[in-house]
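Everything on this sheet refers to the single structure shown next.
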Amino acid sequence: MLVRDRSDPRSAGVRGRLAAAGRRGLARWVGFAVARRWLVLALTLGATLAAGAYSALNMRMNSDTSQLVHQDAPFRRSYQAFGEAFPHYEKSSLIVVSAASHRLASDASRRLAVALRERSDLIRTLYSADEGDFFRDHALLYLEPAELDRVVARLAEAQPVLSALANDPSLRGLAQEISRALDALAGDEEVGPGLERIVRRLAEVGEAQLAGGTEVLSWEEELLREPPGEVHHLIAVQGKEDFSTDISGEKLLAEIRATADELGLVPANGVRVRLTGMVPLATGELESVRGSVRLAAALAFSFLTLIMVFGTRSLRVILATLATVVVSIVWTSAFALLSVGEFNTFSAAFSVLLIGLGVDFAIHICLRVQEELARGAPIQPAVLAATTSVGGTVSLCALTSAIGFLSFVPTDYTGLAELGLITGGGMFFALLASLSFTPALLACMGRPRGRSVSFTFPPAAISWLVHRARPIASLSLAAALGASLVATQLTFDFSTLSVKDPESESMTTLRELQAKGVLTDYSLTVVAPNSAAVRELSSEIVALPVVAEVRSPEYYLPSEQETKLTLIEDAQFLLWPVFAPPDPLPPPSAAQRLEALTALRERALAAARDLAPGELAATLRRLAGVLEAFLGGAQPEASTAELERRLIADLDDRMAWLERALSVEAVALGDLPAGLQKRLVSDDGRVLMSVLPREDVSQVRALSRFIESVSRIAPEATGRPVIEAGVGEIVVRSFQQAIALAALGIALVVGIALRDTVDTLLVLTPLAITAAFTIATGVLIDMPFNMANVLAIPLVIGLGVDNGIHMVRRFREEGSLFGALGSSLPRAILLSGLTTLGAFGALSVSAHRGMSSIGILLSLAILYLLASTLLVLPALLAWHHRAS
């Protein structure tokens with residue numbers, strides 16, 4: 001005999017009386033629901049409408065990921081101290097203005113910063129290096145010496161053209177200077193490479209005008225010769241936002257984008273404006289979560305409906321099941337807002353989890369009703385008998401599932417603790433709806449129509465399973481042992497970025513800036529008590545083998561200033577005729593402009609014929625063709641005047657800038673812009689230092705070495721690496737605590753309910769097998785645990801025990817494996833497993849990586865769980881039964 005009560009007879013008698021009392025209470029409850037079904041439906045409808053209204057009026061979502069863990073941790077206190085000293089870094093947004101040139105990006109960044117600073121209703125603080133003239137006027141001083149030397153050489157080459165334009169700032173002056181250079185070339189005088197460049201640029205601007213383009217000649221770019229590629233200018237802002245609003249920072253980000261559009265800072269004009277940083281990342285994540293939850297919920301309901309159609313072929317059963325799920329979700333939503341007050345980026349997924357798990361109770365009841373009806377029972381007695389029969393088991397399953405979720409509540413991982421509390425409570429609301437609303441609704445709708453689909457084990461398959469129980473069980477346990485060895489290689493990715501949508505604007509922008517070295521997200525922040533301590537701290541930290549660089553305020557001073565100032569003085573001497581010209585000539589008339597261009601065209605053709613084939617000759621012919629098009633056009637006066645504007649428009653401004661750039665002196669810390677100084681030195685004199693790693697710290701071990709080494713010298717070091725490592729430690733510890741609590745709690749509940757040690761071990765065995773195979777598969781497919789999917793294993797322990805309880809109890813009830821596998825139980829297990837798989841599978845397609853990883857791991861777990869429950873557990877039952 002499989003079930004043997006080894007306990008004390010008196011204790012057994014007490015438990016028996018309690019169990020009988022429980023069954024009687026459940027029968028009276030269900031009997032009331034069936035007898036007063038219309039009253040129960042009315043009360044359910046009223047409660048659901050009230051809960052729905054409350055949820056709609058009080059819906060709040062908090063996207064602040066810093067609130068996902070306990071706030072009293074040491075790493076949080078260090079970061080809070082940093083935030084108090086430098087508050088403008090807290091909850092900030094980074095506006096990235098990108099263009100093909102520094103001039104275009106700088107002008108766009110300056111205009112956007114000025115426009116946003118006027119929005120005192122929206123912006124609290126703003127910093128942009130482009131707002132003032134300091135970095136523009138000192139641009140040459142910030143170049144590397146070799147690059148500055150090349151710039152000075154280019155200025156020397158351009159000196160004749162610049163002098164000519166200083167005397168005659170017009171298309172006439174430019175054309176005449178090019179003609180003089182060509183005459184000198186014809187006289188075998190040496191001409192520098194600057195001639196070909198200016199001729200080519202004149203031709204390119206003319207061609208663009210003829211083609212309807214907007215290109216103008218940038219003298220700054222011609223003189224500085226920027227490297228190819230997009231350049232980025234940054235604006236740091238803090239908005240007057242609130243994380244408790246429905247979409248964190250949504251108004252701030254929308255207004256920034258709208259302002260950029262109004263200023264014409266759009267790709268069509270050669271400028272891209274993108275957003276990243278704390279608030280855009282949080283906003284993007286919350287938008288991703290909401291979109292993912294909507295998609296997953298829609299897919300889960302669709303999968304649930306299809307599976308129920310396949311499994312029951314009864315419209316009334318399908319409607320009763322779906323209605324129960326909706327009622328459970330609405331009640332749970334109101335409970336969440338009453339108990340927690342708001343949803344976070346993880347707890348927002350409760351509805352999808354509830355679709356996958358809460359529906360199990362209704363499925364087991366509905367299929368048991370169909371089984372009773374198949375035996376000829378009328379609808380109301382069938383509902384009463386079925387609900388009373390499986391109600392105890394369903395209640396036990398609800399309790400064990402709730403324990404799996406609630407296991408995170410005592411931990412410091414607030415994000416999953418709130419999800420656990422909400423979904424754990426949801427299990428009881430789903431149970432309440434299944435034991436009251438579902439039987440009442442089934443009793444009201446009458447006898448379900450349609451032919452039930454039978455999924456039972458054929459007798460031959462059961463016989464085969466019984467006779468091969470030992471090898472099946474042995475091989476399964478051996479495979480689970482092998483999977484456990486693989487599972488020991490699991491890793492944990494504690495980066496909060498790993499759970500965000502990788503294709504969101506904030507994430508793609510951040511990755512691009514990191515790849516280009518514009519910024520790094522892996523530097524440590526050290527706050528020195530004063531300026532005197534900076535040098536000592538810096539020298540100690542930079543000596544560490546794991547440190548590449550320490551950036552103190554001195555980092556923002558130009559290097560090798562004496563050498564650079566000497567080069568700048570040489571350039572200033574070369575260009576003095578440009579900055580102190582005689583009185584310029586009056587602007588040319590239209591006829592003078594046409595005359596100068598005609599002469600240039602003829603001179604260019606002649607020079608092209610005289611020169612040997614090469615780049616300059618080809619460029620001169622190209623210029624001659626462009627000038628021919630202008631001179632022979634319908635309105636040559638107007639078109640050449642526009643060409644002059646495009647070529648000379650920014651010359652005065654750029655020459656004024658160049659004169660300032662060549663007149664700078666050595667820069668000291670006190671000369672830096674006030675806005676920058678405030679970001680580097682606090683009001684009470686504390687100094688900000690950034691520590692950059694030498695190794696690739698995207699690997700956990702390297703990052704840990706980096707943090708530990710720096711923290712030995714600067715214990716209060718903070719920054720994203722420290723925060724994420726601290727969060728990771730909390731998550732791992734919470735994960736271990738949750739598994740221990742879930743396993744212990746569920747083992748106790750199952751042991752007390754089944755009152756047999758062997759039965760308890762049999763129920764728990766599929767859980768251990770499923771957990772081992774799930775973790776091992778995660779290792780093999782390179783899916784580490786992260787801040788979100790650590791929920792998977794405690795949840796598997798909670799939900800996995802349900803099928804085992806159903807199987808063992810039905811085995812007890814029927815007295816044999818043939819009776820258990822020949823009943824509606826396999827179909828109920830399969831349908832509930834498939835509906836759960838559908839819900840978790842819907843999560844796996846989420847754009848939010850955290851939700852997606854939860855869905856993938858839980859989908860794998862459900863597949864392993866179905867195999868363990870429908871194959872391994874029956875084999876273990878048969879093996880043990882034969883051994884008994």
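Chain labels run A, B, ... following the order of the structure tokens; each chain numbers its residues from 1, and ligands are numbered from 1 in the order shown.
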Step one, run DSSP on the backbone; step two, keep only residues of stretch 429-479 of chain A assigned to alpha helix (DSSP H); then write them as JSON, numbers by chain. {"A": [429, 430, 431, 432, 438, 439, 440, 441, 442, 443, 444, 445, 459, 460, 461, 462, 463, 464, 465, 466, 467, 469, 470, 471, 472, 473, 474, 475, 476, 477, 478, 479]}
Taking a cut-off of 10 Å and counting only C-alpha atoms, can you build a table that, for each residue of stretch 61-141 of chain A near stretch 724-732 of chain A, reports the nearest atom pair and how far apart they are in Å (one decimal), sorted by chain then residue number, as a tab-separated table?
```
residue	atom	partner	partner_atom	distance
A:Ser66	CA	A:Val727	CA	9.0
A:Leu68	CA	A:Val727	CA	8.8
A:Val69	CA	A:Val727	CA	6.8
A:His70	CA	A:Ile730	CA	8.4
A:Ala73	CA	A:Gly726	CA	8.0
A:Pro74	CA	A:Gly726	CA	8.4
A:Phe75	CA	A:Gly726	CA	6.2
A:Arg76	CA	A:Gly726	CA	8.3
```
Take the residues from that selection and write them out as a CSV table (one decimal), in the first residue's frame, keeping N, CA, C and O atoms.
```
chain,number,residue,atom,x,y,z
A,66,SER,N,16.4,52.7,-8.5
A,66,SER,CA,17.2,52.8,-7.2
A,66,SER,C,16.3,52.4,-6.1
A,66,SER,O,16.8,52.0,-5.0
A,68,LEU,N,14.4,49.8,-6.0
A,68,LEU,CA,14.2,48.3,-6.1
A,68,LEU,C,14.9,47.5,-5.0
A,68,LEU,O,14.6,46.3,-4.8
A,69,VAL,N,15.8,48.1,-4.3
A,69,VAL,CA,16.5,47.5,-3.2
A,69,VAL,C,16.3,48.3,-1.9
A,69,VAL,O,16.0,49.5,-2.0
A,70,HIS,N,16.7,47.7,-0.8
A,70,HIS,CA,16.6,48.3,0.5
A,70,HIS,C,17.5,49.5,0.5
A,70,HIS,O,18.6,49.5,0.1
A,73,ALA,N,21.4,50.2,2.8
A,73,ALA,CA,22.6,49.5,2.5
A,73,ALA,C,23.8,50.5,2.4
A,73,ALA,O,23.6,51.6,2.1
A,74,PRO,N,25.0,50.1,2.8
A,74,PRO,CA,26.1,51.0,2.8
A,74,PRO,C,26.4,51.7,1.5
A,74,PRO,O,26.7,52.9,1.4
A,75,PHE,N,26.3,50.9,0.4
A,75,PHE,CA,26.5,51.5,-0.9
A,75,PHE,C,25.5,52.6,-1.2
A,75,PHE,O,25.8,53.6,-1.9
A,76,ARG,N,24.3,52.4,-0.7
A,76,ARG,CA,23.3,53.5,-1.0
A,76,ARG,C,23.6,54.7,-0.2
A,76,ARG,O,23.4,55.8,-0.6
```
Closest of A:Arg103, A:Glu207, A:Ser844, A:Ser389 to A:Ala139 - atom-to-atom distances counting only C-alpha atoms: A:Arg103
All residues 10 Å or closer to A:Leu171, only C-alpha atoms, same chain fewer than 4 positions away omitted, as a list in words: Leu165, Ala175, Gln176, Glu177, Pro587, Pro588, Gln592, Arg593, Leu594, Ala596, Leu597, Thr640, Ala641, Leu643, Glu644, Arg645, Arg646, Leu647 and Ile648 of chain A
Save the residues we just selected, N, CA, C and O atoms, as a short mmCIF file (atom, residue, chain, number, x, y, z; two decimals), in the first residue's frame?
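The resulting file, selection-v2.cif, is reproduced below:
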```cif
data_model
loop_
_atom_site.label_atom_id
_atom_site.label_comp_id
_atom_site.auth_asym_id
_atom_site.auth_seq_id
_atom_site.Cartn_x
_atom_site.Cartn_y
_atom_site.Cartn_z
N LEU A 165 41.05 87.90 -48.47
CA LEU A 165 39.65 88.07 -48.07
C LEU A 165 39.51 89.12 -46.98
O LEU A 165 38.46 89.76 -46.87
N ALA A 175 37.96 84.91 -55.86
CA ALA A 175 38.27 84.55 -57.24
C ALA A 175 39.61 85.14 -57.69
O ALA A 175 40.42 84.47 -58.35
N GLN A 176 39.86 86.40 -57.34
CA GLN A 176 41.11 87.03 -57.73
C GLN A 176 42.31 86.38 -57.06
O GLN A 176 43.38 86.23 -57.68
N GLU A 177 42.17 85.95 -55.79
CA GLU A 177 43.28 85.30 -55.10
C GLU A 177 43.59 83.94 -55.72
O GLU A 177 44.76 83.57 -55.87
N PRO A 587 31.93 96.39 -51.21
CA PRO A 587 31.41 95.17 -51.82
C PRO A 587 31.33 95.32 -53.34
O PRO A 587 31.05 96.42 -53.87
N PRO A 588 31.55 94.24 -54.09
CA PRO A 588 31.53 94.33 -55.55
C PRO A 588 30.11 94.49 -56.07
O PRO A 588 29.14 94.04 -55.44
N GLN A 592 30.93 93.40 -61.43
CA GLN A 592 32.29 93.09 -60.99
C GLN A 592 32.40 91.63 -60.53
O GLN A 592 33.42 90.96 -60.76
N ARG A 593 31.34 91.15 -59.91
CA ARG A 593 31.36 89.76 -59.46
C ARG A 593 31.40 88.82 -60.65
O ARG A 593 32.19 87.86 -60.69
N LEU A 594 30.56 89.10 -61.69
CA LEU A 594 30.54 88.26 -62.88
C LEU A 594 31.87 88.35 -63.63
O LEU A 594 32.38 87.35 -64.16
N ALA A 596 34.86 88.89 -62.34
CA ALA A 596 35.88 88.13 -61.62
C ALA A 596 35.70 86.63 -61.83
O ALA A 596 36.69 85.89 -62.00
N LEU A 597 34.46 86.16 -61.87
CA LEU A 597 34.21 84.73 -62.06
C LEU A 597 34.54 84.31 -63.49
O LEU A 597 35.03 83.20 -63.72
N THR A 640 25.02 84.13 -58.56
CA THR A 640 26.39 84.37 -58.07
C THR A 640 26.39 85.13 -56.75
O THR A 640 27.29 84.95 -55.92
N ALA A 641 25.37 85.98 -56.53
CA ALA A 641 25.26 86.66 -55.23
C ALA A 641 24.99 85.63 -54.12
O ALA A 641 25.55 85.71 -53.02
N LEU A 643 25.86 82.47 -54.30
CA LEU A 643 27.10 81.70 -54.15
C LEU A 643 28.08 82.45 -53.24
O LEU A 643 28.75 81.84 -52.40
N GLU A 644 28.16 83.76 -53.40
CA GLU A 644 29.03 84.56 -52.54
C GLU A 644 28.60 84.44 -51.08
O GLU A 644 29.44 84.30 -50.18
N ARG A 645 27.30 84.48 -50.86
CA ARG A 645 26.80 84.35 -49.48
C ARG A 645 27.22 83.01 -48.88
O ARG A 645 27.66 82.93 -47.73
N ARG A 646 27.10 81.96 -49.67
CA ARG A 646 27.44 80.62 -49.16
C ARG A 646 28.95 80.49 -48.89
O ARG A 646 29.34 79.73 -48.01
N LEU A 647 29.75 81.19 -49.63
CA LEU A 647 31.21 81.07 -49.48
C LEU A 647 31.77 82.00 -48.41
O LEU A 647 32.76 81.68 -47.76
N ILE A 648 31.14 83.14 -48.22
CA ILE A 648 31.72 84.17 -47.36
C ILE A 648 30.90 84.40 -46.09
O ILE A 648 31.31 85.11 -45.20
#
```
Counting only C-alpha atoms, figure out which residue out of A:Ile541, A:Ala35, A:Pro581, A:Ile379 gets nearest to A:Arg712. A:Ile541
Please return as a list in words: the residues of stretch 212-404 of chain A that backbone DSSP assigns to strand (DSSP E or B).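 Reading the DSSP output for stretch 212-404 of chain A, strand (DSSP E or B) covers Val231, His232, His233, Leu234, Ile235, Ala236, Val237, Gln238, Gly239, Val271, Arg272, Val273, Arg274, Leu275, Thr276, Gly277 and Phe343 of chain A.
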Would you mind exporting N, CA and C atoms of the selected residues as a PDB file, in the first residue's frame?
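Result file is again-v6.pdb:
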```pdb
ATOM      1  N   VAL A 231      30.210  63.956 -34.695  1.00  0.00           N
ATOM      2  CA  VAL A 231      30.698  64.452 -33.408  1.00  0.00           C
ATOM      3  C   VAL A 231      29.499  64.706 -32.500  1.00  0.00           C
ATOM      4  N   HIS A 232      29.760  64.648 -31.193  1.00  0.00           N
ATOM      5  CA  HIS A 232      28.673  64.735 -30.224  1.00  0.00           C
ATOM      6  C   HIS A 232      28.965  65.837 -29.210  1.00  0.00           C
ATOM      7  N   HIS A 233      27.967  66.676 -28.963  1.00  0.00           N
ATOM      8  CA  HIS A 233      28.038  67.678 -27.898  1.00  0.00           C
ATOM      9  C   HIS A 233      26.935  67.353 -26.888  1.00  0.00           C
ATOM     10  N   LEU A 234      27.240  67.536 -25.611  1.00  0.00           N
ATOM     11  CA  LEU A 234      26.357  67.070 -24.546  1.00  0.00           C
ATOM     12  C   LEU A 234      25.780  68.228 -23.743  1.00  0.00           C
ATOM     13  N   ILE A 235      24.530  68.052 -23.337  1.00  0.00           N
ATOM     14  CA  ILE A 235      23.865  68.989 -22.426  1.00  0.00           C
ATOM     15  C   ILE A 235      23.308  68.165 -21.271  1.00  0.00           C
ATOM     16  N   ALA A 236      23.670  68.509 -20.043  1.00  0.00           N
ATOM     17  CA  ALA A 236      23.158  67.815 -18.861  1.00  0.00           C
ATOM     18  C   ALA A 236      22.048  68.653 -18.243  1.00  0.00           C
ATOM     19  N   VAL A 237      20.888  68.036 -18.023  1.00  0.00           N
ATOM     20  CA  VAL A 237      19.758  68.772 -17.452  1.00  0.00           C
ATOM     21  C   VAL A 237      19.139  67.981 -16.311  1.00  0.00           C
ATOM     22  N   GLN A 238      18.574  68.694 -15.384  1.00  0.00           N
ATOM     23  CA  GLN A 238      17.708  68.124 -14.360  1.00  0.00           C
ATOM     24  C   GLN A 238      16.338  68.760 -14.532  1.00  0.00           C
ATOM     25  N   GLY A 239      15.356  67.925 -14.664  1.00  0.00           N
ATOM     26  CA  GLY A 239      14.011  68.449 -14.837  1.00  0.00           C
ATOM     27  C   GLY A 239      13.223  68.414 -13.549  1.00  0.00           C
ATOM     28  N   VAL A 271      21.320  67.455 -38.070  1.00  0.00           N
ATOM     29  CA  VAL A 271      21.501  67.404 -36.619  1.00  0.00           C
ATOM     30  C   VAL A 271      20.602  66.298 -36.039  1.00  0.00           C
ATOM     31  N   ARG A 272      21.155  65.518 -35.127  1.00  0.00           N
ATOM     32  CA  ARG A 272      20.364  64.542 -34.376  1.00  0.00           C
ATOM     33  C   ARG A 272      20.371  64.916 -32.906  1.00  0.00           C
ATOM     34  N   VAL A 273      19.205  64.882 -32.280  1.00  0.00           N
ATOM     35  CA  VAL A 273      19.091  65.135 -30.844  1.00  0.00           C
ATOM     36  C   VAL A 273      18.525  63.883 -30.195  1.00  0.00           C
ATOM     37  N   ARG A 274      19.309  63.287 -29.301  1.00  0.00           N
ATOM     38  CA  ARG A 274      18.887  62.070 -28.614  1.00  0.00           C
ATOM     39  C   ARG A 274      19.037  62.250 -27.103  1.00  0.00           C
ATOM     40  N   LEU A 275      18.419  61.352 -26.363  1.00  0.00           N
ATOM     41  CA  LEU A 275      18.386  61.476 -24.904  1.00  0.00           C
ATOM     42  C   LEU A 275      18.841  60.183 -24.254  1.00  0.00           C
ATOM     43  N   THR A 276      19.672  60.308 -23.241  1.00  0.00           N
ATOM     44  CA  THR A 276      20.075  59.166 -22.426  1.00  0.00           C
ATOM     45  C   THR A 276      20.316  59.676 -21.008  1.00  0.00           C
ATOM     46  N   GLY A 277      20.844  58.838 -20.135  1.00  0.00           N
ATOM     47  CA  GLY A 277      21.013  59.237 -18.740  1.00  0.00           C
ATOM     48  C   GLY A 277      19.946  58.626 -17.854  1.00  0.00           C
ATOM     49  N   PHE A 343       2.955  50.388  -8.563  1.00  0.00           N
ATOM     50  CA  PHE A 343       3.655  49.285  -9.209  1.00  0.00           C
ATOM     51  C   PHE A 343       5.071  49.729  -9.552  1.00  0.00           C
TER      52      PHE A 343
END
```
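Between atom CA of A:Gly719 and atom CA of A:Tyr79 lies a distance of 7.0 Å.
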One-decimal distance in Å that lies between atom CA of A:Thr393 and atom CA of A:Pro439: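 Separation between atom CA of A:Pro439 and atom CA of A:Thr393: 16.0 Å.
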From the list A:Leu821, A:Leu611, A:Leu510, A:Val293, which residue is nearest A:Phe840 when using only C-alpha atoms?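 Result for the nearest residue to A:Phe840: A:Val293.
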Mind checking which residues fall within 7 Å of A:Gly420, counting only C-alpha atoms, ignoring those fewer than 6 positions away in the same chain, and posting them as a ChimeraX atom specification? /A:405-406,408-409
Would you kindly return, as a PDB file with all heavy atoms, in the first residue's frame, each protein, DNA or RNA residue with an atom no farther than 10 Å from any atom of A:Arg551, considering only C-alpha atoms and excluding same-chain residues fewer than 4 positions away?
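Contents of around17.pdb, as written:
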```
ATOM      1  N   SER A 523      33.019  54.089 -14.540  1.00  0.00           N
ATOM      2  CA  SER A 523      33.985  54.785 -13.705  1.00  0.00           C
ATOM      3  C   SER A 523      33.471  54.857 -12.273  1.00  0.00           C
ATOM      4  O   SER A 523      32.266  54.848 -12.028  1.00  0.00           O
ATOM      5  CB  SER A 523      34.241  56.194 -14.240  1.00  0.00           C
ATOM      6  OG  SER A 523      33.049  56.966 -14.168  1.00  0.00           O
ATOM      7  N   THR A 525      33.355  57.000  -8.660  1.00  0.00           N
ATOM      8  CA  THR A 525      33.361  58.391  -8.207  1.00  0.00           C
ATOM      9  C   THR A 525      33.896  58.450  -6.786  1.00  0.00           C
ATOM     10  O   THR A 525      33.407  57.749  -5.898  1.00  0.00           O
ATOM     11  CB  THR A 525      31.942  58.978  -8.255  1.00  0.00           C
ATOM     12  OG1 THR A 525      31.474  58.951  -9.606  1.00  0.00           O
ATOM     13  CG2 THR A 525      31.929  60.408  -7.759  1.00  0.00           C
ATOM     14  N   VAL A 526      34.918  59.278  -6.598  1.00  0.00           N
ATOM     15  CA  VAL A 526      35.516  59.473  -5.275  1.00  0.00           C
ATOM     16  C   VAL A 526      35.398  60.952  -4.936  1.00  0.00           C
ATOM     17  O   VAL A 526      35.731  61.812  -5.756  1.00  0.00           O
ATOM     18  CB  VAL A 526      36.993  59.041  -5.254  1.00  0.00           C
ATOM     19  CG1 VAL A 526      37.622  59.355  -3.908  1.00  0.00           C
ATOM     20  CG2 VAL A 526      37.116  57.555  -5.576  1.00  0.00           C
ATOM     21  N   SER A 538      44.807  60.862  -5.498  1.00  0.00           N
ATOM     22  CA  SER A 538      44.995  60.563  -6.913  1.00  0.00           C
ATOM     23  C   SER A 538      46.250  59.726  -7.143  1.00  0.00           C
ATOM     24  O   SER A 538      46.231  58.752  -7.896  1.00  0.00           O
ATOM     25  CB  SER A 538      45.063  61.864  -7.711  1.00  0.00           C
ATOM     26  OG  SER A 538      45.257  61.597  -9.081  1.00  0.00           O
ATOM     27  N   VAL A 542      45.923  55.958  -8.699  1.00  0.00           N
ATOM     28  CA  VAL A 542      46.429  55.733 -10.049  1.00  0.00           C
ATOM     29  C   VAL A 542      47.552  54.702 -10.047  1.00  0.00           C
ATOM     30  O   VAL A 542      47.859  54.099 -11.086  1.00  0.00           O
ATOM     31  CB  VAL A 542      46.887  57.062 -10.677  1.00  0.00           C
ATOM     32  CG1 VAL A 542      48.280  57.447 -10.185  1.00  0.00           C
ATOM     33  CG2 VAL A 542      46.848  56.979 -12.197  1.00  0.00           C
ATOM     34  N   TYR A 555      42.152  67.561 -14.707  1.00  0.00           N
ATOM     35  CA  TYR A 555      41.969  66.878 -15.996  1.00  0.00           C
ATOM     36  C   TYR A 555      41.378  67.823 -17.034  1.00  0.00           C
ATOM     37  O   TYR A 555      41.627  67.681 -18.242  1.00  0.00           O
ATOM     38  CB  TYR A 555      41.050  65.666 -15.798  1.00  0.00           C
ATOM     39  CG  TYR A 555      40.547  65.043 -17.073  1.00  0.00           C
ATOM     40  CD1 TYR A 555      41.345  64.195 -17.826  1.00  0.00           C
ATOM     41  CD2 TYR A 555      39.254  65.322 -17.530  1.00  0.00           C
ATOM     42  CE1 TYR A 555      40.882  63.627 -19.005  1.00  0.00           C
ATOM     43  CE2 TYR A 555      38.781  64.759 -18.707  1.00  0.00           C
ATOM     44  CZ  TYR A 555      39.595  63.915 -19.439  1.00  0.00           C
ATOM     45  OH  TYR A 555      39.135  63.367 -20.598  1.00  0.00           O
ATOM     46  N   TYR A 556      40.590  68.804 -16.575  1.00  0.00           N
ATOM     47  CA  TYR A 556      39.897  69.707 -17.489  1.00  0.00           C
ATOM     48  C   TYR A 556      40.768  70.897 -17.902  1.00  0.00           C
ATOM     49  O   TYR A 556      40.301  71.769 -18.630  1.00  0.00           O
ATOM     50  CB  TYR A 556      38.599  70.200 -16.844  1.00  0.00           C
ATOM     51  CG  TYR A 556      37.624  69.063 -16.619  1.00  0.00           C
ATOM     52  CD1 TYR A 556      37.617  68.353 -15.419  1.00  0.00           C
ATOM     53  CD2 TYR A 556      36.742  68.676 -17.625  1.00  0.00           C
ATOM     54  CE1 TYR A 556      36.747  67.293 -15.218  1.00  0.00           C
ATOM     55  CE2 TYR A 556      35.874  67.610 -17.433  1.00  0.00           C
ATOM     56  CZ  TYR A 556      35.885  66.916 -16.226  1.00  0.00           C
ATOM     57  OH  TYR A 556      35.040  65.865 -16.050  1.00  0.00           O
ATOM     58  N   LEU A 688      35.383  66.451  -6.642  1.00  0.00           N
ATOM     59  CA  LEU A 688      34.952  65.239  -7.338  1.00  0.00           C
ATOM     60  C   LEU A 688      36.104  64.661  -8.151  1.00  0.00           C
ATOM     61  O   LEU A 688      36.808  65.369  -8.873  1.00  0.00           O
ATOM     62  CB  LEU A 688      33.782  65.578  -8.268  1.00  0.00           C
ATOM     63  CG  LEU A 688      33.066  64.402  -8.927  1.00  0.00           C
ATOM     64  CD1 LEU A 688      32.356  63.557  -7.888  1.00  0.00           C
ATOM     65  CD2 LEU A 688      32.059  64.922  -9.951  1.00  0.00           C
ATOM     66  N   MET A 689      36.282  63.333  -8.044  1.00  0.00           N
ATOM     67  CA  MET A 689      37.298  62.628  -8.810  1.00  0.00           C
ATOM     68  C   MET A 689      36.649  61.405  -9.470  1.00  0.00           C
ATOM     69  O   MET A 689      35.814  60.741  -8.872  1.00  0.00           O
ATOM     70  CB  MET A 689      38.453  62.166  -7.894  1.00  0.00           C
ATOM     71  CG  MET A 689      39.130  63.281  -7.137  1.00  0.00           C
ATOM     72  SD  MET A 689      40.168  62.650  -5.793  1.00  0.00           S
ATOM     73  CE  MET A 689      41.306  61.611  -6.707  1.00  0.00           C
ATOM     74  N   SER A 690      37.053  61.125 -10.708  1.00  0.00           N
ATOM     75  CA  SER A 690      36.554  59.951 -11.429  1.00  0.00           C
ATOM     76  C   SER A 690      37.712  58.985 -11.654  1.00  0.00           C
ATOM     77  O   SER A 690      38.793  59.396 -12.076  1.00  0.00           O
ATOM     78  CB  SER A 690      35.940  60.358 -12.771  1.00  0.00           C
ATOM     79  OG  SER A 690      34.807  61.178 -12.572  1.00  0.00           O
ATOM     80  N   VAL A 691      37.464  57.705 -11.386  1.00  0.00           N
ATOM     81  CA  VAL A 691      38.489  56.668 -11.526  1.00  0.00           C
ATOM     82  C   VAL A 691      38.071  55.724 -12.641  1.00  0.00           C
ATOM     83  O   VAL A 691      36.991  55.126 -12.589  1.00  0.00           O
ATOM     84  CB  VAL A 691      38.670  55.894 -10.207  1.00  0.00           C
ATOM     85  CG1 VAL A 691      39.803  54.871 -10.343  1.00  0.00           C
ATOM     86  CG2 VAL A 691      38.926  56.845  -9.049  1.00  0.00           C
ATOM     87  N   LEU A 692      38.922  55.593 -13.658  1.00  0.00           N
ATOM     88  CA  LEU A 692      38.609  54.762 -14.823  1.00  0.00           C
ATOM     89  C   LEU A 692      39.352  53.434 -14.746  1.00  0.00           C
ATOM     90  O   LEU A 692      40.534  53.400 -14.361  1.00  0.00           O
ATOM     91  CB  LEU A 692      38.983  55.479 -16.115  1.00  0.00           C
ATOM     92  CG  LEU A 692      37.956  56.483 -16.665  1.00  0.00           C
ATOM     93  CD1 LEU A 692      37.785  57.654 -15.709  1.00  0.00           C
ATOM     94  CD2 LEU A 692      38.363  56.983 -18.041  1.00  0.00           C
TER      95      LEU A 692
END
```
Selection near stretch 673-680 of chain A, 12 Å with only C-alpha atoms, sequence-local residues under 6 positions removed, as a PyMOL selection string: chain A and resi 82-83+85-90+125-136+138+235-236+525-528+530-531+534+551-557+667+686-690
Have a look at atom CA of A:Leu435 and atom CA of A:Phe811 and let me know their distance in Å, one decimal. 23.0 Å
Of A:Ser92, A:Gln635, A:Asn167, A:Ser506, the one sitting nearest A:Phe579 when using only C-alpha atoms is A:Asn167
Find the residue from A:Asp756, A:Glu549, A:Glu615, A:Asp501 that sits nearest to A:Arg694; use only C-alpha atoms when measuring. A:Glu549
Give the answer as one residue: which of A:Leu795, A:Ile769, A:Leu281, A:Leu195 has the shortest atom-to-atom distance to A:Leu497, using only C-alpha atoms?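 For A:Leu497, the nearest of the given residues is A:Leu281.
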What's the 10 Å shell around stretch 209-225 of chain A, counting only C-alpha atoms, without same-chain residues fewer than 2 positions away, as a PyMOL selection string? chain A and resi 101-104+140+147-148+150-158+162+194+197-198+201-207+227-228+269+626+629-630+633+639+642-655+657-658
